[in-house]
file work07.cif (mmCIF, C-alpha atoms and all ligand atoms)
data_my_file
loop_
_atom_site.label_atom_id
_atom_site.label_comp_id
_atom_site.auth_asym_id
_atom_site.auth_seq_id
_atom_site.Cartn_x
_atom_site.Cartn_y
_atom_site.Cartn_z
CA ALA A 8 -65.82 -0.42 34.74
CA THR A 9 -67.92 2.66 35.37
CA LYS A 10 -68.77 4.75 32.36
CA THR A 11 -68.08 8.46 32.82
CA PRO A 12 -71.11 10.38 31.60
CA LYS A 13 -70.76 12.71 28.66
CA HIS A 14 -70.38 16.30 29.74
CA TYR A 15 -71.18 19.48 27.82
CA ASN A 16 -70.84 23.12 28.83
CA ILE A 17 -73.77 25.27 27.74
CA THR A 18 -73.70 29.08 27.75
CA LEU A 19 -77.08 30.57 28.61
CA LEU A 20 -77.79 34.08 27.30
CA PRO A 21 -81.29 34.89 28.61
CA GLY A 22 -81.22 38.50 27.34
CA ASP A 23 -84.28 40.73 27.55
CA GLY A 24 -88.09 40.69 27.78
CA ILE A 25 -89.44 37.16 27.86
CA GLY A 26 -85.90 35.80 27.25
CA PRO A 27 -85.18 34.88 30.89
CA GLU A 28 -88.58 33.16 31.33
CA VAL A 29 -88.31 30.95 28.25
CA VAL A 30 -84.60 30.15 28.77
CA SER A 31 -85.27 29.06 32.35
CA VAL A 32 -87.90 26.55 31.16
CA ALA A 33 -85.66 25.27 28.35
CA LYS A 34 -82.72 24.84 30.73
CA ASN A 35 -84.79 22.67 33.08
CA VAL A 36 -85.99 20.53 30.17
CA LEU A 37 -82.42 20.12 28.89
CA SER A 38 -81.13 19.05 32.32
CA LEU A 39 -83.88 16.49 32.71
CA VAL A 40 -83.44 15.05 29.22
CA GLY A 41 -79.69 14.88 29.81
CA SER A 42 -80.17 12.89 33.01
CA ARG A 43 -82.35 10.42 31.07
CA HIS A 44 -79.73 9.98 28.33
CA GLY A 45 -76.58 9.83 30.47
CA ILE A 46 -75.51 13.35 29.53
CA GLU A 47 -74.37 15.93 32.07
CA PHE A 48 -74.76 19.64 31.37
CA GLY A 49 -72.87 22.48 33.01
CA PHE A 50 -74.52 25.88 32.61
CA GLN A 51 -72.96 29.31 32.64
CA GLU A 52 -75.30 32.29 32.43
CA MET A 53 -73.95 35.51 30.88
CA PRO A 54 -75.45 38.94 30.11
CA VAL A 55 -76.20 40.10 26.55
CA GLY A 56 -78.36 42.77 24.87
CA GLY A 57 -80.23 45.31 26.97
CA ALA A 58 -79.47 43.36 30.15
CA ALA A 59 -75.73 43.77 29.43
CA LEU A 60 -76.15 47.47 28.56
CA ASP A 61 -77.77 48.10 31.94
CA LEU A 62 -75.13 46.06 33.74
CA VAL A 63 -71.85 47.07 32.09
CA GLY A 64 -72.72 49.57 29.33
CA VAL A 65 -72.12 47.43 26.22
CA PRO A 66 -74.51 45.01 24.45
CA LEU A 67 -71.90 42.22 24.19
CA PRO A 68 -69.33 42.20 27.04
CA ASP A 69 -65.94 40.63 26.14
CA GLU A 70 -66.42 38.07 28.88
CA THR A 71 -69.77 36.95 27.46
CA LEU A 72 -68.17 36.31 24.07
CA SER A 73 -65.16 34.48 25.50
CA VAL A 74 -67.29 32.23 27.74
CA ALA A 75 -69.60 31.52 24.78
CA LYS A 76 -66.69 30.65 22.47
CA GLN A 77 -65.24 28.18 24.98
CA SER A 78 -68.52 26.35 25.53
CA ASP A 79 -70.03 23.48 23.53
CA ALA A 80 -73.25 25.31 22.57
CA ILE A 81 -75.06 28.56 23.27
CA LEU A 82 -78.73 29.07 24.06
CA LEU A 83 -80.06 32.61 23.58
CA GLY A 84 -83.46 33.90 24.73
CA ALA A 85 -84.30 37.23 23.10
CA ILE A 86 -82.76 40.66 22.73
CA GLY A 87 -84.21 44.20 22.72
CA GLY A 88 -87.03 46.27 24.15
CA TYR A 89 -88.61 49.75 24.18
CA LYS A 90 -86.20 50.94 26.87
CA TRP A 91 -83.18 50.98 24.55
CA ASP A 92 -84.95 51.82 21.25
CA LYS A 93 -83.56 55.37 21.17
CA ASN A 94 -79.95 54.32 21.85
CA GLU A 95 -77.25 55.04 19.27
CA LYS A 96 -76.50 52.12 16.95
CA HIS A 97 -73.43 50.84 18.83
CA LEU A 98 -75.42 50.91 22.09
CA LYS A 99 -78.47 49.08 20.77
CA PRO A 100 -79.19 45.62 22.24
CA GLU A 101 -79.53 44.15 18.71
CA THR A 102 -75.93 45.19 17.96
CA GLY A 103 -74.92 42.67 20.64
CA LEU A 104 -76.51 39.86 18.64
CA LEU A 105 -74.72 40.89 15.41
CA GLN A 106 -71.40 41.06 17.31
CA LEU A 107 -72.06 37.67 18.85
CA ARG A 108 -72.75 36.05 15.45
CA ALA A 109 -69.64 37.67 13.97
CA GLY A 110 -67.52 36.67 16.99
CA LEU A 111 -68.65 33.06 16.72
CA GLY A 112 -68.16 32.94 12.93
CA VAL A 113 -71.57 31.41 12.36
CA PHE A 114 -72.37 31.48 8.63
CA ALA A 115 -75.33 29.09 8.43
CA ASN A 116 -78.79 29.92 9.70
CA LEU A 117 -81.20 26.97 10.00
CA ARG A 118 -84.88 27.79 10.35
CA PRO A 119 -87.47 25.04 10.31
CA ALA A 120 -91.12 25.73 9.50
CA THR A 121 -93.27 22.89 10.74
CA VAL A 122 -97.05 22.81 10.87
CA LEU A 123 -97.79 20.53 13.81
CA PRO A 124 -100.98 18.49 13.40
CA GLN A 125 -102.19 19.85 16.78
CA LEU A 126 -101.80 23.45 15.59
CA VAL A 127 -102.88 23.18 11.96
CA ASP A 128 -105.64 25.75 12.56
CA SER A 129 -103.05 28.43 13.48
CA SER A 130 -101.67 28.26 9.92
CA THR A 131 -102.41 31.05 7.46
CA LEU A 132 -102.94 28.37 4.80
CA LYS A 133 -105.97 26.27 3.95
CA LYS A 134 -105.99 23.10 6.01
CA GLU A 135 -105.30 20.79 3.02
CA VAL A 136 -102.23 22.85 2.10
CA ALA A 137 -100.94 23.33 5.66
CA GLU A 138 -101.25 19.75 6.86
CA GLY A 139 -97.92 17.95 6.94
CA VAL A 140 -95.69 20.94 6.15
CA ASP A 141 -92.24 20.25 7.59
CA LEU A 142 -89.39 22.10 5.93
CA MET A 143 -86.05 23.66 6.82
CA VAL A 144 -84.52 26.80 5.31
CA VAL A 145 -80.72 26.88 5.40
CA ARG A 146 -79.68 30.51 4.84
CA GLU A 147 -76.14 31.76 4.19
CA LEU A 148 -75.63 34.45 6.81
CA THR A 149 -72.29 36.22 6.39
CA GLY A 150 -71.88 36.88 2.65
CA GLY A 151 -73.78 38.09 -0.40
CA ILE A 152 -75.29 41.47 -1.12
CA TYR A 153 -75.57 42.53 2.53
CA PHE A 154 -71.76 42.54 2.83
CA GLY A 155 -70.39 42.74 -0.76
CA GLN A 156 -68.10 45.56 -1.90
CA PRO A 157 -68.36 48.02 -3.53
CA ARG A 158 -71.38 49.53 -1.88
CA GLY A 159 -72.54 53.03 -1.13
CA PHE A 160 -74.05 56.19 -2.55
CA SER A 161 -72.79 58.15 -5.51
CA THR A 162 -73.98 60.40 -8.32
CA THR A 163 -74.21 59.81 -12.06
CA GLU A 164 -72.63 62.11 -14.67
CA LYS A 165 -75.99 63.84 -14.89
CA GLY A 166 -75.92 64.47 -11.15
CA GLU A 167 -78.57 61.89 -10.31
CA GLU A 168 -78.19 60.20 -6.91
CA ILE A 169 -77.54 56.44 -6.94
CA GLY A 170 -77.30 53.80 -4.26
CA PHE A 171 -75.55 50.52 -5.03
CA ASN A 172 -74.72 47.12 -3.55
CA THR A 173 -72.84 44.10 -4.83
CA GLU A 174 -73.69 40.42 -4.63
CA VAL A 175 -70.39 38.55 -4.10
CA TYR A 176 -69.86 34.87 -3.33
CA ALA A 177 -66.53 33.06 -3.30
CA THR A 178 -66.40 29.31 -3.84
CA TYR A 179 -65.37 28.65 -0.20
CA GLU A 180 -68.44 30.52 1.05
CA ILE A 181 -70.75 28.52 -1.21
CA ASP A 182 -69.03 25.21 -0.44
CA ARG A 183 -69.29 25.57 3.33
CA ILE A 184 -73.00 26.49 3.33
CA ALA A 185 -73.71 23.74 0.79
CA ARG A 186 -71.95 21.25 3.09
CA VAL A 187 -74.17 22.27 6.03
CA ALA A 188 -77.24 22.01 3.79
CA PHE A 189 -76.41 18.52 2.47
CA GLU A 190 -75.66 17.31 6.02
CA THR A 191 -78.95 18.80 7.21
CA ALA A 192 -80.92 17.21 4.36
CA ARG A 193 -79.27 13.88 5.17
CA LYS A 194 -80.52 14.11 8.80
CA ARG A 195 -84.02 14.95 7.51
CA CYS A 196 -85.84 13.45 4.48
CA GLY A 197 -82.88 13.51 2.10
CA LYS A 198 -84.29 16.13 -0.28
CA LEU A 199 -82.41 19.38 -0.92
CA CYS A 200 -83.69 22.27 -3.06
CA SER A 201 -81.12 24.95 -3.88
CA VAL A 202 -82.75 28.32 -4.56
CA ASP A 203 -81.00 30.93 -6.72
CA LYS A 204 -81.46 33.34 -9.63
CA ALA A 205 -78.97 31.67 -11.95
CA ASN A 206 -80.82 32.85 -15.06
CA VAL A 207 -79.81 36.46 -14.27
CA LEU A 208 -77.05 36.71 -11.62
CA GLU A 209 -73.44 35.55 -11.98
CA ALA A 210 -73.09 34.95 -8.23
CA SER A 211 -76.06 32.59 -8.55
CA MET A 212 -74.49 30.82 -11.56
CA LEU A 213 -71.41 30.04 -9.45
CA TRP A 214 -73.68 29.04 -6.57
CA ARG A 215 -75.53 26.52 -8.75
CA LYS A 216 -72.27 25.13 -10.17
CA ARG A 217 -70.68 24.57 -6.74
CA VAL A 218 -73.81 23.08 -5.13
CA THR A 219 -74.16 20.70 -8.10
CA LEU A 220 -70.50 19.65 -7.75
CA MET A 221 -70.96 18.83 -4.07
CA ALA A 222 -73.94 16.57 -4.81
CA SER A 223 -71.53 13.80 -5.84
CA ASP A 224 -70.42 13.57 -2.16
CA TYR A 225 -74.06 12.97 -1.17
CA PRO A 226 -75.55 10.26 -3.40
CA ASP A 227 -78.23 9.69 -0.74
CA VAL A 228 -79.52 13.28 -1.06
CA GLU A 229 -81.79 14.24 -3.95
CA LEU A 230 -80.77 17.71 -5.22
CA THR A 231 -83.04 20.03 -7.21
CA HIS A 232 -82.71 23.70 -8.21
CA MET A 233 -85.35 26.41 -8.25
CA TYR A 234 -85.39 30.10 -9.15
CA VAL A 235 -86.24 32.29 -6.18
CA ASP A 236 -89.37 33.83 -7.71
CA ASN A 237 -90.77 30.36 -8.31
CA ALA A 238 -89.72 29.23 -4.81
CA ALA A 239 -91.61 32.15 -3.23
CA MET A 240 -94.70 31.07 -5.14
CA GLN A 241 -94.31 27.33 -4.47
CA LEU A 242 -93.95 27.95 -0.72
CA ILE A 243 -97.51 29.28 -0.67
CA ARG A 244 -98.97 27.01 -3.35
CA ASP A 245 -97.60 23.66 -2.15
CA PRO A 246 -95.09 23.91 0.74
CA LYS A 247 -95.21 20.13 1.32
CA GLN A 248 -92.98 19.59 -1.72
CA PHE A 249 -90.00 20.99 0.24
CA ASP A 250 -87.77 19.23 2.76
CA THR A 251 -84.54 21.25 3.00
CA ILE A 252 -84.00 24.54 1.14
CA VAL A 253 -80.55 26.14 0.81
CA THR A 254 -80.13 29.69 -0.39
CA ASN A 255 -78.05 32.85 -0.15
CA ASN A 256 -78.29 35.60 2.44
CA ILE A 257 -80.90 37.91 0.91
CA PHE A 258 -83.14 35.20 -0.59
CA GLY A 259 -82.92 33.30 2.70
CA ASP A 260 -83.87 36.39 4.68
CA ILE A 261 -87.09 36.66 2.69
CA LEU A 262 -87.93 32.97 2.24
CA SER A 263 -87.32 32.04 5.90
CA ASP A 264 -89.76 34.73 7.06
CA GLU A 265 -92.27 33.64 4.43
CA ALA A 266 -91.91 30.01 5.50
CA SER A 267 -92.31 30.80 9.20
CA MET A 268 -95.55 32.69 8.55
CA LEU A 269 -97.02 29.55 6.95
CA THR A 270 -97.15 27.97 10.40
CA GLY A 271 -98.78 30.95 12.13
CA SER A 272 -97.16 30.04 15.47
CA ILE A 273 -94.27 32.39 16.21
CA GLY A 274 -94.05 31.03 19.75
CA MET A 275 -93.27 27.54 18.40
CA LEU A 276 -90.39 28.19 15.98
CA PRO A 277 -86.73 27.50 16.83
CA SER A 278 -83.54 28.36 14.93
CA ALA A 279 -79.86 27.54 14.82
CA CYS A 280 -76.74 29.40 13.68
CA LEU A 281 -73.76 27.18 12.87
CA GLY A 282 -70.12 27.80 12.01
CA GLU A 283 -67.30 25.64 10.64
CA SER A 284 -66.02 24.61 14.06
CA GLY A 285 -66.84 26.00 17.46
CA PRO A 286 -70.17 26.20 19.22
CA GLY A 287 -73.48 26.86 17.50
CA LEU A 288 -75.96 29.50 18.62
CA PHE A 289 -79.56 28.39 19.20
CA GLU A 290 -82.53 30.69 19.76
CA PRO A 291 -86.28 31.03 19.21
CA ILE A 292 -87.15 33.13 16.14
CA HIS A 293 -89.48 35.38 18.13
CA GLY A 294 -88.36 38.64 19.71
CA SER A 295 -88.38 39.82 23.31
CA ALA A 296 -92.19 40.36 23.32
CA PRO A 297 -92.07 43.26 25.82
CA ASP A 298 -95.88 43.40 25.81
CA ILE A 299 -96.09 40.14 27.78
CA ALA A 300 -92.67 40.05 29.52
CA GLY A 301 -92.62 39.15 33.21
CA GLN A 302 -96.24 37.95 33.22
CA ASP A 303 -95.64 34.21 32.85
CA LYS A 304 -97.59 34.30 29.57
CA ALA A 305 -94.81 33.55 27.07
CA ASN A 306 -94.78 30.34 25.09
CA PRO A 307 -91.43 28.65 25.92
CA LEU A 308 -91.82 25.88 23.33
CA ALA A 309 -89.84 27.72 20.61
CA THR A 310 -86.92 27.81 23.05
CA VAL A 311 -87.48 24.21 24.14
CA LEU A 312 -87.43 23.19 20.45
CA SER A 313 -84.26 25.31 20.02
CA VAL A 314 -82.72 23.05 22.65
CA ALA A 315 -83.72 20.06 20.49
CA MET A 316 -81.83 21.72 17.59
CA LEU A 317 -78.90 22.34 19.96
CA LEU A 318 -78.78 18.62 20.70
CA ARG A 319 -79.17 17.52 17.05
CA TYR A 320 -77.06 20.07 15.16
CA GLY A 321 -74.79 21.34 17.95
CA LEU A 322 -73.90 18.20 19.91
CA GLN A 323 -74.91 15.37 17.51
CA GLU A 324 -77.18 13.97 20.26
CA GLU A 325 -80.01 12.84 18.01
CA TYR A 326 -81.82 10.63 20.54
CA ALA A 327 -82.00 13.38 23.15
CA ALA A 328 -83.31 15.77 20.47
CA ILE A 329 -86.08 13.33 19.57
CA THR A 330 -86.97 12.97 23.26
CA ILE A 331 -87.59 16.71 23.50
CA GLU A 332 -89.62 16.89 20.30
CA SER A 333 -91.77 13.93 21.35
CA ALA A 334 -92.39 15.48 24.78
CA VAL A 335 -93.51 18.76 23.17
CA LEU A 336 -95.95 16.89 20.92
CA ASP A 337 -97.23 14.89 23.90
CA THR A 338 -97.83 18.11 25.86
CA LEU A 339 -99.87 19.50 22.96
CA ASN A 340 -101.73 16.20 22.62
CA ASN A 341 -102.64 16.51 26.31
CA GLY A 342 -104.36 19.79 25.45
CA PHE A 343 -102.01 22.29 27.14
CA ARG A 344 -101.69 25.68 25.40
CA THR A 345 -100.20 29.08 26.16
CA GLY A 346 -102.25 32.10 25.11
CA ASP A 347 -100.62 32.54 21.69
CA ILE A 348 -101.68 29.04 20.52
CA PHE A 349 -104.88 28.72 22.57
CA SER A 350 -108.14 27.53 20.99
CA SER A 351 -111.44 26.63 22.62
CA GLY A 352 -111.61 23.33 24.45
CA LYS A 353 -107.90 23.44 25.32
CA LYS A 354 -106.27 24.08 28.72
CA LEU A 355 -104.82 27.60 29.00
CA VAL A 356 -101.58 27.58 31.02
CA GLY A 357 -98.62 29.89 31.60
CA CYS A 358 -94.96 29.66 30.66
CA LYS A 359 -93.86 27.77 33.79
CA GLU A 360 -96.77 25.36 33.77
CA ILE A 361 -96.41 24.28 30.14
CA GLY A 362 -92.70 23.78 30.89
CA GLU A 363 -93.62 21.47 33.77
CA GLU A 364 -95.97 19.57 31.47
CA VAL A 365 -93.14 19.03 28.97
CA MET A 366 -91.00 17.65 31.81
CA LYS A 367 -93.82 15.30 32.89
CA SER A 368 -94.03 14.08 29.28
CA VAL A 369 -90.26 13.46 29.20
CA ILE A 370 -90.55 11.36 32.36
CA LYS A 371 -93.62 9.53 31.08
CA LEU A 372 -92.16 8.74 27.63
CA PHE A 373 -88.54 7.97 28.59
P1 LIG B 1 -88.15 41.56 16.98
O1 LIG B 1 -87.86 41.78 18.46
O2 LIG B 1 -87.41 40.40 16.43
O3 LIG B 1 -88.13 42.80 16.17
P2 LIG B 1 -90.96 41.86 17.14
O4 LIG B 1 -90.84 42.91 18.17
O5 LIG B 1 -91.48 42.19 15.79
O6 LIG B 1 -89.64 41.04 16.94
P3 LIG B 1 -91.84 39.81 18.96
O7 LIG B 1 -91.08 40.41 20.06
O8 LIG B 1 -91.49 38.44 18.53
O9 LIG B 1 -91.87 40.69 17.66
O10 LIG B 1 -93.41 39.87 19.30
C1 LIG B 1 -94.41 39.94 18.29
C2 LIG B 1 -95.74 39.54 18.91
O11 LIG B 1 -95.75 38.13 19.13
C3 LIG B 1 -95.99 40.19 20.27
O12 LIG B 1 -97.35 40.52 20.42
C4 LIG B 1 -95.59 39.11 21.25
O13 LIG B 1 -96.30 39.20 22.45
C5 LIG B 1 -95.92 37.82 20.50
N1 LIG B 1 -94.96 36.77 20.88
C6 LIG B 1 -93.68 36.66 20.47
N2 LIG B 1 -93.08 35.61 21.04
C7 LIG B 1 -93.99 35.02 21.82
C8 LIG B 1 -93.98 33.87 22.67
N3 LIG B 1 -92.88 33.12 22.84
N4 LIG B 1 -95.11 33.56 23.34
C9 LIG B 1 -96.21 34.30 23.18
N5 LIG B 1 -96.31 35.37 22.41
C10 LIG B 1 -95.21 35.74 21.72
MG MG B 2 -89.33 42.98 19.56
#
call {"tool": "encode", "arguments": {"input": "work07.cif", "output": "structure tokens", "more": "lines below"}}
Ligand code: ATP
Ligand code: MG
result
Amino acid sequence: ATKTPKHYNITLLPGDGIGPEVVSVAKNVLSLVGSRHGIEFGFQEMPVGGAALDLVGVPLPDETLSVAKQSDAILLGAIGGYKWDKNEKHLKPETGLLQLRAGLGVFANLRPATVLPQLVDSSTLKKEVAEGVDLMVVRELTGGIYFGQPRGFSTTEKGEEIGFNTEVYATYEIDRIARVAFETARKRCGKLCSVDKANVLEASMLWRKRVTLMASDYPDVELTHMYVDNAAMQLIRDPKQFDTIVTNNIFGDILSDEASMLTGSIGMLPSACLGESGPGLFEPIHGSAPDIAGQDKANPLATVLSVAMLLRYGLQEEYAAITIESAVLDTLNNGFRTGDIFSSGKKLVGCKEIGEEVMKSVIKLF
């Protein structure tokens, strides 16, 4: 009997600036890796961000959202640029990204921070501290103080102006992000650190209680708790102690940026946004880099590694994910570097060429 190959539909959202260049490289790598693992990919490219504004006048066309929702996973390049900076809020490219996340119902943001041995000198940390850092921040994305009610401006009895926001978490919101975090930790080194401020905030007390309850479903994962002020300090002092970190929206906003700066290689960092069901959204953490757009200078490896996350967390295709990660490491071992990660003695190449080197490594290794 002939085995029908697995088939997945991928929505490509190249977006603006360097987005189209890096997505094109990542798409070619994904196709090749698929062919080596008996997986077939169908691609549908749709406009988003500034590209969609220029084309149809809105940053997220209805058709883009509906195609994305019906696909198995979504790969986004980057959104934004000088050209649309003065637009009103609802006509800003970035609004398209917020609408896309809301439309997909993605509530979990996964951001790894890995110091690769080949790029340890790019790190802002001392070599001894940077070496071997490999952690993942799982941030709650749709709740907490950024969305809680009541919020607004008011005045006190004395006529003094006040601004106020509210941190709110319901058990279902905590449970679903905790579930993603435990599953993520299980796929990694099996260590989960939940970060909160449970000594001061009620929402954090509930957070800690629910995360602790869920630990009984994951006897193979070692759970610890840390206050956010300590976590911010420990990330600089000894980041190697962390494997997976789970935290709320605002703490995750801050800690994921802090963690990514430890690596010093913005062109190397992928991310994932996951929901309960439905496709995940995968994208490099860097922006549209308008200063180098269209010059074949962009580092596509953050997007290539986003495709590895797409395979692992979006499609449960662990082997194909490992193939991509190994090929990226092999390419770096062979000395190829784009400008952002270049150091003396290495071979300076452009976006397309480093993509071709990754594909050669895939063919060589698998
Ligand atoms: P955002 O668009 O999210 O606000 P930003 O404008 O602050 O982000 P980026 O667009 O990521 O930042 O660019 C910051 C700097 O990093 C720029 O100088 C850009 O050229 C560089 N950069 C970003 N991504 C890459 C990449 N993939 N390859 C090479 N250089 C990059
Ligand atoms: Mg930018």
call {"tool": "closest_residue", "arguments": {"input": "work07.cif", "among": "A:Lys354, A:Lys371, A:Lys304, A:Lys34", "to": "ligand LIG 1 (chain B)", "atoms": "all atoms listed in the file"}}
result
A:Lys304
call {"tool": "residues_near_ligand", "arguments": {"input": "work07.cif", "ligand": "ligand MG 2 (chain B)", "cutoff": "9 Å", "atoms": "only C-alpha atoms and all ligand atoms", "output": "JSON, numbers by chain"}}
result
{"A": [24, 85, 86, 87, 88, 89, 293, 294, 295, 296, 297]}
call {"tool": "closest_residue", "arguments": {"input": "work07.cif", "among": "A:Gly271, A:Gly321, A:Gly362, A:Pro291", "to": "Ser129 in chain A", "atoms": "only C-alpha atoms"}}
result
A:Gly271
call {"tool": "residues_near_point", "arguments": {"input": "work07.cif", "point": "(-103.1, 31.8, 29.7)", "cutoff": "6 Å", "atoms": "all atoms listed in the file", "output": "JSON, numbers by chain"}}
result
{"A": [345, 346, 355, 356, 357]}
call {"tool": "residues_around", "arguments": {"input": "work07.cif", "residues": "Arg344 in chain A", "least_positions_apart": "6", "cutoff": "12 Å", "atoms": "all atoms listed in the file", "output": "list in words"}}
result
Gln125, Leu126, Ser272, Gly274, Met275, Lys304, Ala305, Asn306, Pro307, Leu308, Val335, Leu336, Asp337, Thr338, Ser350, Ser351, Gly352, Lys353, Lys354, Leu355, Val356, Gly357, Cys358, Lys359, Glu360, Ile361, Gly362, Glu364 and Val365 of chain A
call {"tool": "residues_around", "arguments": {"input": "work07.cif", "residues": "Ala120 in chain A", "least_positions_apart": "3", "cutoff": "6 Å", "atoms": "all atoms listed in the file", "output": "list of chain:residue names"}}
result
A:Asp141, A:Leu142, A:Ala266, A:Ser267
call {"tool": "atom_distance", "arguments": {"input": "work07.cif", "atom1": "CA of Ile329 in chain A", "atom2": "CA of Ala315 in chain A"}}
result
7.2 Å
call {"tool": "residues_around", "arguments": {"input": "work07.cif", "residues": "range 232-235 of chain A", "least_positions_apart": "2", "cutoff": "7 Å", "atoms": "only C-alpha atoms", "output": "PDB file with C-alpha atoms, in the frame of the given file"}}
result
ATOM      1  CA  CYS A 200     -83.690  22.270  -3.060  1.00  0.00           C
ATOM      2  CA  SER A 201     -81.120  24.950  -3.880  1.00  0.00           C
ATOM      3  CA  VAL A 202     -82.750  28.320  -4.560  1.00  0.00           C
ATOM      4  CA  ASP A 203     -81.000  30.930  -6.720  1.00  0.00           C
ATOM      5  CA  LYS A 204     -81.460  33.340  -9.630  1.00  0.00           C
ATOM      6  CA  LEU A 230     -80.770  17.710  -5.220  1.00  0.00           C
ATOM      7  CA  ASN A 237     -90.770  30.360  -8.310  1.00  0.00           C
ATOM      8  CA  ALA A 238     -89.720  29.230  -4.810  1.00  0.00           C
ATOM      9  CA  ALA A 239     -91.610  32.150  -3.230  1.00  0.00           C
TER      10      ALA A 239
END
call {"tool": "residues_around", "arguments": {"input": "work07.cif", "residues": "Ser31 in chain A", "least_positions_apart": "5", "cutoff": "12 Å", "atoms": "all atoms listed in the file", "output": "JSON list (two decimals) with C-alpha atoms, in the coordinates of the input"}}
result
[["chain", "number", "residue", "atom", "x", "y", "z"],
["A", 19, "LEU", "CA", -77.08, 30.57, 28.61],
["A", 20, "LEU", "CA", -77.79, 34.08, 27.30],
["A", 21, "PRO", "CA", -81.29, 34.89, 28.61],
["A", 22, "GLY", "CA", -81.22, 38.50, 27.34],
["A", 25, "ILE", "CA", -89.44, 37.16, 27.86],
["A", 26, "GLY", "CA", -85.90, 35.80, 27.25],
["A", 36, "VAL", "CA", -85.99, 20.53, 30.17],
["A", 37, "LEU", "CA", -82.42, 20.12, 28.89],
["A", 38, "SER", "CA", -81.13, 19.05, 32.32],
["A", 50, "PHE", "CA", -74.52, 25.88, 32.61],
["A", 52, "GLU", "CA", -75.30, 32.29, 32.43],
["A", 82, "LEU", "CA", -78.73, 29.07, 24.06],
["A", 83, "LEU", "CA", -80.06, 32.61, 23.58],
["A", 84, "GLY", "CA", -83.46, 33.90, 24.73],
["A", 303, "ASP", "CA", -95.64, 34.21, 32.85],
["A", 305, "ALA", "CA", -94.81, 33.55, 27.07],
["A", 307, "PRO", "CA", -91.43, 28.65, 25.92],
["A", 308, "LEU", "CA", -91.82, 25.88, 23.33],
["A", 310, "THR", "CA", -86.92, 27.81, 23.05],
["A", 311, "VAL", "CA", -87.48, 24.21, 24.14],
["A", 314, "VAL", "CA", -82.72, 23.05, 22.65],
["A", 358, "CYS", "CA", -94.96, 29.66, 30.66],
["A", 359, "LYS", "CA", -93.86, 27.77, 33.79],
["A", 362, "GLY", "CA", -92.70, 23.78, 30.89],
["A", 363, "GLU", "CA", -93.62, 21.47, 33.77]]
call {"tool": "atom_distance", "arguments": {"input": "work07.cif", "atom1": "CA of Leu339 in chain A", "atom2": "CA of Gly287 in chain A"}}
result
27.9 Å
call {"tool": "closest_residue", "arguments": {"input": "work07.cif", "among": "A:Met366, A:Leu317, A:Val40, A:Ile292", "to": "ligand LIG 1 (chain B)", "atoms": "all atoms listed in the file"}}
result
A:Ile292
call {"tool": "closest_residue", "arguments": {"input": "work07.cif", "among": "A:Val218, A:Val63, A:Leu117, A:Ile370", "to": "Leu148 in chain A", "atoms": "only C-alpha atoms"}}
result
A:Leu117
call {"tool": "axis_aligned_box", "arguments": {"input": "work07.cif", "around": "range 46-51 of chain A", "padding_each_side": "3 Å", "output": "JSON"}}
result
{"center_x": -74.2, "center_y": 21.3, "center_z": 31.3, "size_x": 8.6, "size_y": 22.0, "size_z": 9.5}
call {"tool": "atom_distance", "arguments": {"input": "work07.cif", "atom1": "CA of Asp79 in chain A", "atom2": "CA of Asn16 in chain A"}}
result
5.4 Å
call {"tool": "decode", "arguments": {"input": "work07.cif", "residues": "range 67-78 of chain A", "atoms": "C-alpha atoms", "output": "mmCIF file, in the first residue's frame"}}
result
data_model
loop_
_atom_site.group_PDB
_atom_site.id
_atom_site.type_symbol
_atom_site.label_atom_id
_atom_site.label_comp_id
_atom_site.auth_asym_id
_atom_site.auth_seq_id
_atom_site.Cartn_x
_atom_site.Cartn_y
_atom_site.Cartn_z
ATOM 1 C CA LEU A 67 -5.741 43.207 8.175
ATOM 2 C CA PRO A 68 -8.081 42.372 5.259
ATOM 3 C CA ASP A 69 -10.978 40.011 6.142
ATOM 4 C CA GLU A 70 -9.730 37.530 3.577
ATOM 5 C CA THR A 71 -6.269 37.403 5.156
ATOM 6 C CA LEU A 72 -7.794 36.532 8.536
ATOM 7 C CA SER A 73 -10.154 33.910 7.130
ATOM 8 C CA VAL A 74 -7.413 32.187 5.088
ATOM 9 C CA ALA A 75 -5.140 32.257 8.155
ATOM 10 C CA LYS A 76 -7.818 30.766 10.421
ATOM 11 C CA GLN A 77 -8.461 27.889 8.025
ATOM 12 C CA SER A 78 -4.793 26.963 7.683
#
